[in-house]
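**Student:** Following this line is model22.txt, made up of compact mmCIF, C-alpha atoms:
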# COMPACT_ATOMS: atom_id res chain seq x y z
CA MET A 1 -48.58 -83.76 11.65
CA THR A 2 -46.83 -82.13 14.61
CA ASN A 3 -48.83 -81.36 17.74
CA HIS A 4 -47.90 -78.88 20.44
CA SER A 5 -49.53 -78.52 23.84
CA ILE A 6 -50.02 -74.83 24.61
CA ALA A 7 -51.02 -73.30 27.94
CA LEU A 8 -53.19 -70.22 27.45
CA ILE A 9 -53.31 -67.60 30.21
CA PRO A 10 -55.48 -64.71 28.95
CA GLY A 11 -55.09 -62.85 32.26
CA ASP A 12 -56.80 -59.51 32.71
CA GLY A 13 -58.23 -56.67 30.66
CA ILE A 14 -57.38 -56.73 26.98
CA GLY A 15 -55.40 -59.91 27.47
CA THR A 16 -58.69 -61.77 27.12
CA GLU A 17 -59.28 -59.98 23.78
CA VAL A 18 -55.89 -60.32 22.09
CA LEU A 19 -55.17 -63.95 22.97
CA PRO A 20 -58.12 -65.31 20.93
CA ALA A 21 -56.74 -63.38 17.93
CA ALA A 22 -53.34 -65.01 18.38
CA ARG A 23 -54.95 -68.42 18.69
CA GLU A 24 -56.94 -67.91 15.47
CA VAL A 25 -53.77 -66.98 13.61
CA LEU A 26 -51.93 -70.00 15.03
CA ASP A 27 -54.70 -72.36 13.93
CA THR A 28 -54.74 -70.87 10.44
CA ILE A 29 -51.00 -71.12 9.88
CA GLY A 30 -50.95 -74.52 11.55
CA THR A 31 -53.36 -75.92 8.98
CA ARG A 32 -51.00 -74.92 6.18
CA HIS A 33 -47.90 -76.33 7.85
CA CYS A 34 -49.43 -79.53 9.29
CA ILE A 35 -49.11 -78.26 12.86
CA THR A 36 -51.87 -78.79 15.38
CA PHE A 37 -52.25 -77.27 18.81
CA THR A 38 -53.83 -78.66 21.93
CA TYR A 39 -54.81 -75.73 24.13
CA GLU A 40 -55.50 -75.68 27.84
CA GLN A 41 -56.77 -72.37 29.21
CA TYR A 42 -56.21 -71.12 32.74
CA ASP A 43 -58.15 -68.37 34.46
CA TRP A 44 -55.15 -67.14 36.45
CA SER A 45 -55.50 -63.40 36.84
CA CYS A 46 -56.02 -60.50 39.21
CA GLU A 47 -59.72 -61.33 39.26
CA ARG A 48 -58.80 -64.77 40.51
CA TYR A 49 -56.62 -63.12 43.14
CA LEU A 50 -59.58 -61.07 44.37
CA ARG A 51 -61.71 -64.22 44.57
CA HIS A 52 -59.21 -66.68 46.03
CA GLY A 53 -56.29 -64.64 47.39
CA SER A 54 -53.74 -65.97 44.87
CA MET A 55 -52.93 -65.37 41.21
CA MET A 56 -52.70 -69.11 40.54
CA PRO A 57 -53.22 -72.30 42.54
CA GLU A 58 -50.45 -73.89 44.60
CA ASP A 59 -49.83 -76.52 41.93
CA GLY A 60 -49.96 -73.99 39.09
CA LEU A 61 -46.36 -74.44 38.04
CA GLU A 62 -46.78 -78.21 37.94
CA GLN A 63 -49.80 -77.76 35.70
CA LEU A 64 -47.79 -75.61 33.29
CA ARG A 65 -44.76 -77.89 33.29
CA ARG A 66 -46.38 -80.47 31.05
CA HIS A 67 -46.97 -78.03 28.19
CA ASP A 68 -44.62 -77.23 25.31
CA ALA A 69 -45.08 -73.47 25.66
CA ILE A 70 -47.13 -70.82 27.43
CA LEU A 71 -48.98 -67.98 25.69
CA LEU A 72 -50.02 -65.15 28.00
CA GLY A 73 -52.25 -62.14 27.37
CA ALA A 74 -51.76 -59.46 30.02
CA VAL A 75 -51.88 -59.13 33.78
CA GLY A 76 -53.04 -56.20 35.90
CA TYR A 77 -56.27 -54.93 37.39
CA PRO A 78 -57.34 -51.86 39.39
CA GLY A 79 -57.30 -52.62 43.09
CA VAL A 80 -54.53 -55.22 42.86
CA PRO A 81 -51.04 -53.75 43.36
CA ASP A 82 -48.70 -54.42 40.44
CA HIS A 83 -46.11 -56.10 42.64
CA VAL A 84 -48.79 -58.57 43.76
CA SER A 85 -49.76 -59.55 40.22
CA LEU A 86 -46.16 -59.67 38.96
CA TRP A 87 -44.71 -61.67 41.84
CA GLY A 88 -47.78 -63.85 42.03
CA LEU A 89 -47.69 -65.08 38.43
CA LEU A 90 -45.11 -63.86 35.91
CA ILE A 91 -41.95 -63.90 37.99
CA PRO A 92 -42.62 -67.34 39.54
CA ILE A 93 -43.12 -68.75 36.03
CA ARG A 94 -39.97 -67.10 34.69
CA ARG A 95 -37.84 -68.34 37.57
CA ALA A 96 -39.27 -71.81 38.10
CA PHE A 97 -38.81 -72.56 34.39
CA ASN A 98 -35.39 -70.87 34.19
CA GLN A 99 -36.56 -68.47 31.48
CA TYR A 100 -33.40 -66.44 31.75
CA VAL A 101 -33.65 -64.70 28.37
CA ASN A 102 -36.27 -62.05 27.69
CA LEU A 103 -36.22 -61.43 23.94
CA ARG A 104 -37.85 -58.32 22.47
CA PRO A 105 -37.56 -57.66 18.73
CA ILE A 106 -37.94 -54.08 17.49
CA ARG A 107 -38.91 -53.25 13.91
CA VAL A 108 -40.23 -50.18 12.14
CA PHE A 109 -42.83 -51.35 9.62
CA GLU A 110 -43.63 -49.70 6.33
CA GLY A 111 -46.99 -47.94 6.67
CA LEU A 112 -46.61 -47.40 10.41
CA PRO A 113 -44.62 -44.18 10.86
CA SER A 114 -42.41 -43.90 13.87
CA PRO A 115 -42.73 -40.81 16.07
CA VAL A 116 -38.95 -40.59 15.68
CA ARG A 117 -37.87 -38.97 12.43
CA ALA A 118 -34.67 -40.99 12.18
CA ALA A 119 -36.51 -44.32 12.47
CA MET A 120 -37.18 -45.48 8.91
CA PRO A 121 -38.82 -48.71 7.70
CA GLY A 122 -36.26 -51.26 6.59
CA GLU A 123 -33.52 -49.57 8.60
CA VAL A 124 -34.63 -50.13 12.20
CA ASP A 125 -34.65 -53.86 12.94
CA PHE A 126 -32.94 -54.88 16.17
CA VAL A 127 -33.52 -56.97 19.26
CA VAL A 128 -33.11 -56.33 22.98
CA VAL A 129 -31.82 -59.31 24.94
CA ARG A 130 -32.74 -58.77 28.60
CA GLU A 131 -31.59 -60.81 31.57
CA ASN A 132 -34.77 -62.22 33.06
CA THR A 133 -34.20 -64.00 36.37
CA GLU A 134 -31.79 -62.04 38.55
CA GLY A 135 -30.10 -58.62 38.42
CA GLU A 136 -31.99 -55.71 39.92
CA TYR A 137 -35.22 -57.72 40.29
CA SER A 138 -34.00 -59.86 43.15
CA GLU A 139 -35.96 -60.91 46.21
CA ILE A 140 -33.18 -59.89 48.60
CA GLY A 141 -33.91 -56.86 50.75
CA GLY A 142 -36.54 -55.56 53.11
CA ARG A 143 -38.04 -52.65 54.99
CA MET A 144 -37.47 -51.43 58.51
CA ASN A 145 -39.15 -49.00 60.88
CA ARG A 146 -42.34 -48.75 58.90
CA GLY A 147 -44.29 -45.62 59.78
CA PHE A 148 -41.43 -43.97 61.67
CA PRO A 149 -39.41 -40.95 60.53
CA ASP A 150 -36.36 -43.13 59.92
CA GLU A 151 -38.24 -45.70 57.80
CA MET A 152 -36.00 -47.35 55.24
CA ALA A 153 -36.09 -49.83 52.34
CA VAL A 154 -33.19 -51.90 51.00
CA GLN A 155 -33.18 -53.74 47.68
CA GLN A 156 -30.18 -55.82 46.65
CA ALA A 157 -29.21 -56.42 43.03
CA VAL A 158 -27.80 -59.88 42.34
CA PHE A 159 -25.46 -60.56 39.43
CA THR A 160 -23.93 -64.04 39.26
CA ARG A 161 -21.22 -65.24 36.91
CA PRO A 162 -23.34 -68.17 35.63
CA GLY A 163 -26.43 -65.98 35.22
CA VAL A 164 -24.71 -63.20 33.30
CA THR A 165 -22.49 -65.53 31.26
CA ARG A 166 -25.35 -67.64 29.92
CA LEU A 167 -27.24 -64.52 28.88
CA LEU A 168 -24.20 -63.04 27.15
CA ASP A 169 -23.49 -66.28 25.30
CA PHE A 170 -27.07 -66.25 24.03
CA ALA A 171 -26.77 -62.60 22.94
CA PHE A 172 -23.40 -63.05 21.22
CA GLY A 173 -24.72 -66.20 19.52
CA LEU A 174 -27.74 -64.28 18.27
CA ALA A 175 -25.48 -61.54 16.92
CA GLU A 176 -23.43 -64.19 15.11
CA ARG A 177 -26.53 -65.65 13.48
CA ARG A 178 -27.80 -62.23 12.47
CA GLY A 179 -24.39 -61.24 11.12
CA GLY A 180 -24.55 -58.05 13.13
CA THR A 181 -23.08 -56.22 16.08
CA LEU A 182 -23.69 -56.28 19.82
CA THR A 183 -24.13 -53.35 22.19
CA SER A 184 -23.94 -53.85 25.96
CA ALA A 185 -25.87 -51.52 28.27
CA THR A 186 -23.89 -50.55 31.36
CA LYS A 187 -23.58 -47.89 34.04
CA SER A 188 -20.18 -48.75 35.45
CA ASN A 189 -19.28 -45.09 35.93
CA GLY A 190 -21.93 -44.82 38.66
CA ILE A 191 -22.76 -48.34 39.88
CA VAL A 192 -19.49 -49.41 41.40
CA HIS A 193 -19.77 -53.18 41.87
CA THR A 194 -22.33 -54.93 39.66
CA MET A 195 -21.77 -52.99 36.47
CA PRO A 196 -17.95 -53.30 36.35
CA PHE A 197 -18.53 -57.03 36.96
CA TRP A 198 -21.02 -57.04 34.06
CA ASP A 199 -18.48 -55.23 31.83
CA GLU A 200 -15.74 -57.72 32.67
CA LEU A 201 -17.96 -60.63 31.69
CA VAL A 202 -18.98 -58.91 28.44
CA ALA A 203 -15.31 -58.53 27.51
CA GLU A 204 -14.67 -62.15 28.47
CA ARG A 205 -17.52 -63.52 26.38
CA GLY A 206 -16.74 -61.13 23.55
CA ALA A 207 -13.28 -62.69 23.30
CA ALA A 208 -14.97 -66.08 23.00
CA HIS A 209 -17.04 -64.79 20.05
CA PRO A 210 -14.37 -63.04 17.96
CA VAL A 211 -16.52 -62.69 14.83
CA VAL A 212 -18.92 -60.33 16.62
CA GLU A 213 -18.04 -56.65 16.76
CA TRP A 214 -19.24 -55.25 20.08
CA ASN A 215 -19.20 -52.10 22.17
CA GLN A 216 -20.70 -50.85 25.41
CA GLU A 217 -22.78 -47.76 26.16
CA HIS A 218 -23.85 -46.19 29.42
CA ILE A 219 -27.57 -46.64 29.84
CA ASP A 220 -28.40 -42.92 29.83
CA ALA A 221 -26.47 -42.25 26.63
CA LEU A 222 -27.86 -45.44 25.10
CA ALA A 223 -31.45 -44.33 25.75
CA ALA A 224 -30.70 -41.07 23.93
CA LYS A 225 -29.15 -42.92 20.97
CA PHE A 226 -32.21 -45.18 20.71
CA VAL A 227 -34.11 -42.02 19.82
CA LEU A 228 -31.44 -40.14 17.88
CA ASP A 229 -30.06 -43.02 15.79
CA PRO A 230 -32.04 -46.26 16.27
CA ALA A 231 -30.86 -47.77 12.97
CA ARG A 232 -27.33 -48.23 14.33
CA PHE A 233 -28.33 -51.10 16.66
CA ASP A 234 -28.60 -54.82 15.99
CA VAL A 235 -28.40 -56.82 19.25
CA VAL A 236 -28.58 -54.94 22.55
CA VAL A 237 -27.89 -56.91 25.71
CA ALA A 238 -28.83 -55.56 29.12
CA SER A 239 -29.52 -56.40 32.73
CA ASN A 240 -33.04 -57.05 33.98
CA LEU A 241 -33.90 -53.44 34.83
CA PHE A 242 -31.99 -51.77 32.00
CA GLY A 243 -33.42 -54.21 29.45
CA ASP A 244 -36.95 -53.66 30.73
CA ILE A 245 -36.69 -49.90 30.30
CA LEU A 246 -34.82 -49.95 26.99
CA SER A 247 -37.20 -52.40 25.33
CA ASP A 248 -40.27 -50.30 26.16
CA LEU A 249 -38.52 -47.20 24.84
CA ALA A 250 -37.61 -49.08 21.67
CA ALA A 251 -41.21 -50.22 21.23
CA ALA A 252 -42.33 -46.60 21.33
CA VAL A 253 -39.69 -45.73 18.73
CA ALA A 254 -41.13 -48.48 16.52
CA GLY A 255 -44.58 -46.91 16.62
CA GLY A 256 -46.34 -48.08 19.75
CA ILE A 257 -46.16 -50.50 22.62
CA GLY A 258 -49.27 -52.27 21.30
CA ILE A 259 -47.27 -53.92 18.51
CA ALA A 260 -44.40 -55.15 20.68
CA PRO A 261 -43.94 -58.88 21.39
CA SER A 262 -41.71 -60.66 23.85
CA ALA A 263 -40.43 -64.12 24.65
CA ASN A 264 -39.34 -65.48 28.03
CA LEU A 265 -36.99 -68.22 26.90
CA ASN A 266 -35.49 -71.27 28.50
CA PRO A 267 -32.94 -71.77 25.69
CA PRO A 268 -31.96 -75.37 26.56
CA GLY A 269 -35.62 -76.42 26.29
CA GLU A 270 -35.66 -78.11 29.70
CA TYR A 271 -38.84 -76.22 30.62
CA PRO A 272 -41.61 -74.49 28.68
CA SER A 273 -40.94 -70.95 27.50
CA MET A 274 -43.54 -68.20 27.80
CA PHE A 275 -44.61 -65.66 25.17
CA GLU A 276 -46.52 -62.45 25.81
CA PRO A 277 -47.19 -59.03 24.30
CA VAL A 278 -45.38 -56.17 26.02
CA HIS A 279 -48.50 -54.07 26.52
CA GLY A 280 -50.35 -54.22 29.80
CA SER A 281 -53.95 -55.08 30.54
CA ALA A 282 -55.15 -51.54 29.61
CA PRO A 283 -58.26 -51.50 31.83
CA ASP A 284 -59.29 -48.14 30.33
CA ILE A 285 -60.14 -49.80 26.99
CA ALA A 286 -60.87 -53.35 28.13
CA GLY A 287 -64.14 -54.76 26.88
CA GLN A 288 -64.45 -52.28 24.02
CA GLY A 289 -62.97 -54.56 21.35
CA VAL A 290 -60.44 -51.93 20.25
CA ALA A 291 -57.25 -53.54 21.59
CA ASN A 292 -54.32 -53.96 19.24
CA PRO A 293 -53.71 -57.70 18.65
CA ILE A 294 -50.34 -57.31 16.86
CA GLY A 295 -48.22 -57.78 19.98
CA ALA A 296 -49.99 -61.02 20.88
CA ILE A 297 -49.93 -62.32 17.30
CA TRP A 298 -46.23 -61.51 16.91
CA SER A 299 -45.57 -63.21 20.27
CA ALA A 300 -47.34 -66.31 18.93
CA ALA A 301 -45.05 -66.17 15.90
CA MET A 302 -42.03 -66.07 18.23
CA MET A 303 -43.46 -69.12 19.98
CA LEU A 304 -43.67 -70.97 16.66
CA ASP A 305 -40.09 -70.09 15.87
CA HIS A 306 -38.96 -71.34 19.27
CA LEU A 307 -40.86 -74.60 18.73
CA GLY A 308 -38.95 -75.19 15.50
CA HIS A 309 -41.29 -73.73 12.88
CA ALA A 310 -39.29 -70.78 11.57
CA GLY A 311 -41.05 -70.76 8.20
CA ALA A 312 -44.51 -70.59 9.71
CA ALA A 313 -43.37 -67.85 12.10
CA ALA A 314 -41.96 -65.81 9.22
CA GLU A 315 -45.25 -66.06 7.33
CA ILE A 316 -47.06 -64.50 10.29
CA THR A 317 -44.63 -61.57 10.62
CA ASP A 318 -44.67 -61.10 6.84
CA ALA A 319 -48.47 -60.93 6.95
CA ILE A 320 -48.32 -58.29 9.70
CA ALA A 321 -45.94 -56.29 7.54
CA ARG A 322 -48.17 -56.61 4.45
CA VAL A 323 -51.31 -55.51 6.27
CA LEU A 324 -49.55 -52.41 7.61
CA ALA A 325 -47.90 -51.65 4.27
CA THR A 326 -50.84 -52.22 1.92
CA THR A 327 -54.06 -51.56 3.85
CA PRO A 328 -55.46 -48.72 5.96
CA VAL A 329 -56.59 -51.14 8.67
CA ARG A 330 -55.33 -49.83 12.01
CA THR A 331 -56.53 -50.14 15.58
CA ARG A 332 -57.20 -47.01 17.62
CA ASP A 333 -53.77 -46.87 19.25
CA LEU A 334 -52.24 -46.68 15.77
CA GLY A 335 -54.52 -43.86 14.64
CA GLY A 336 -57.27 -45.96 13.04
CA SER A 337 -60.72 -47.17 13.96
CA ALA A 338 -60.52 -50.92 13.35
CA SER A 339 -61.47 -53.35 16.07
CA ALA A 340 -59.20 -56.17 17.15
CA THR A 341 -61.45 -58.55 15.22
CA GLU A 342 -61.28 -56.45 12.04
CA PHE A 343 -57.51 -56.23 12.14
CA THR A 344 -57.22 -59.96 12.73
CA SER A 345 -59.54 -60.66 9.80
CA ALA A 346 -57.39 -58.49 7.54
CA LEU A 347 -54.31 -60.38 8.69
CA LEU A 348 -55.93 -63.76 8.09
CA LYS A 349 -56.73 -62.74 4.50
CA HIS A 350 -53.04 -62.13 3.92
CA LEU A 351 -52.23 -65.52 5.39
Before anything else, please render the file you have as structure tokens.

**Tutor:**
Amino acid sequence: MTNHSIALIPGDGIGTEVLPAAREVLDTIGTRHCITFTYEQYDWSCERYLRHGSMMPEDGLEQLRRHDAILLGAVGYPGVPDHVSLWGLLIPIRRAFNQYVNLRPIRVFEGLPSPVRAAMPGEVDFVVVRENTEGEYSEIGGRMNRGFPDEMAVQQAVFTRPGVTRLLDFAFGLAERRGGTLTSATKSNGIVHTMPFWDELVAERGAAHPVVEWNQEHIDALAAKFVLDPARFDVVVASNLFGDILSDLAAAVAGGIGIAPSANLNPPGEYPSMFEPVHGSAPDIAGQGVANPIGAIWSAAMMLDHLGHAGAAAEITDAIARVLATTPVRTRDLGGSASATEFTSALLKHL
């Protein structure tokens, strides 16, 4: 038997509905593969912020440090600004635990038509590798002259050689393992300092990975090609902001943001990595039981793979594919009427 200690952070809204589904799937697959999980749940959320003035306690990161991985539901609540919830929970976790890779797989499943005509099942299967700790989402900047006619805001992007290089080495390594190609997102024709620096490092690391065929695309043209010809991509590597935007666009191409998973990885394994569905807390449907659990379940599968259980992870994603391909069970966001519980039950039957 192998045991893993997992920190559960359901968060807000539908996060509290999809995380139990992911846990049920983990326990089921764990029984088959002799894997057990010890869960510790934390109530860190916007509701906690409204009660206590903080998203998590002062020693929150120390509490998480002792776990093997973190599984998060969703964060966000009306009345709490998004920058408060993000910088009060997710970004501190990502940075304190050096989770410098944000990994977002994109796949068009049989039985779940894409809104994009060119996106066919079996042809669209790629991954966005997003820089996760620096870039455009830096803390450097400020505001001056608030309330005056000449009010101003300054936000500095930060691109470091170590930060970009380690991300690129991960992305090129992933392309090598997949036997595919790599596309770098840039905007060096308009952003005069950081993006040419990014391009130089891509060329440098590309030379160190000669078996990988690579190219670069300006972000605006790349967004168009995601829609016009999504099957051409395999590994797409991008800065923090560009990767954030591209991965949400790609999720929509795949059929809906409710199915999209993500992983915040510390590749060396020095700290716990965090796994979360891409969708938000969706307060408009929270409490109705109609949330789509696929993103959370797929994120749990990514967690298993990261923890060294690739076979168990593949069984979960295969089960998702079989349910979509062979049954009419769909949650409301996918055009059906199934509840989160009903979809999870269908998935468990296939497991």

**Student:** One decimal, in Å: what's the spacing between CA of Ile35 (chain A) and CA of Leu265 (chain A)?

**Tutor:**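 The value is 21.1 Å.
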
**Student:** Figure out the distance between CA of Gln99 (chain A) and CA of Val128 (chain A), please, to one decimal in Å.

**Tutor:**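 We find that CA of Val128 (chain A) and CA of Gln99 (chain A) lie 15.2 Å from each other.
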
**Student:** Taking all atoms listed in the file into account, name the residue in A:Leu167, A:Ile14, A:Ala185, A:Ile285 that is nearest to Glu134 (chain A).

**Tutor:**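 The answer is A:Leu167, which sits nearest to Glu134 (chain A).
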
**Student:** Can you measure CA of Asp125 (chain A) to CA of Thr28 (chain A) for me? One decimal in Å is fine.

**Tutor:**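 Separation between CA of Asp125 (chain A) and CA of Thr28 (chain A): 26.4 Å.
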
**Student:** Near region 169-177 of chain A, counting all atoms listed in the file, which residues have an atom at most 9 Å away, once you skip same-chain residues fewer than 6 positions from it, shown as a list in words?

**Tutor:**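 The filter keeps Val101, Val128, Val129, Arg205, Gly206, Ala208, His209, Val211, Val212, Glu213, Trp214, Asp234, Val235, Val236, Val237 and Pro267 of chain A.
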
**Student:** Report as CSV: every residue of region 31-130 of chain A with an atom at most 7 Å from region 254-260 of chain A, its closest pair of atoms, and their distance in Å to one decimal, counting all atoms listed in the file, with rows sorted by chain and ascending residue number.

**Tutor:**
residue,atom,partner,partner_atom,distance
A:Ile106,CA,A:Ala254,CA,6.5
A:Arg107,CA,A:Ala254,CA,5.9
A:Val108,CA,A:Ala254,CA,4.8
A:Leu112,CA,A:Gly255,CA,6.6
A:Pro113,CA,A:Gly255,CA,6.4
A:Ser114,CA,A:Gly255,CA,4.6
A:Pro115,CA,A:Gly255,CA,6.4

**Student:** Pick from A:Glu217, A:Glu204, A:Asp333, A:Asp248: nearest to Thr183 (chain A), with only C-alpha atoms counted?

**Tutor:**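 Between A:Glu217, A:Glu204, A:Asp333, A:Asp248, the residue approaching Thr183 (chain A) most closely is A:Glu217.
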
**Student:** Using only C-alpha atoms, which protein or nucleic acid residues come within 12 Å of region 340-350 of chain A? Drop anything in the same chain fewer than 2 positions from it, and give the result as a PyMOL selection string.

**Tutor:** chain A and resi 14-29+258+285-298+315-334+336-338

**Student:** Find, counting all atoms listed in the file, the residue in A:Met120, A:Ala221, A:Met144, A:Ala238 that gets nearest to Phe159 (chain A).

**Tutor:** A:Ala238

**Student:** Just checking: using all atoms listed in the file, which residue out of A:Tyr42, A:Phe126, A:Tyr49, A:Phe197 ends up closest to Gly76 (chain A)?

**Tutor:**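 Of the candidates, the smallest distance to Gly76 (chain A) is held by A:Tyr49.
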
**Student:** Pick out the closest residue to Trp198 (chain A) from this set: A:Val253, A:Leu168, A:Ala224, A:Ala74. Count all atoms listed in the file.

**Tutor:**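 Smallest separation from Trp198 (chain A) among the options: A:Leu168.
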
**Student:** Leaving out His306 (chain A) and any residue of its chain fewer than 4 positions from it, which residues lie within 10 Å of it when counting all atoms listed in the file, given as a ChimeraX atom specification?

**Tutor:** /A:69,263,265-267,269,273,275,300-302,310,313
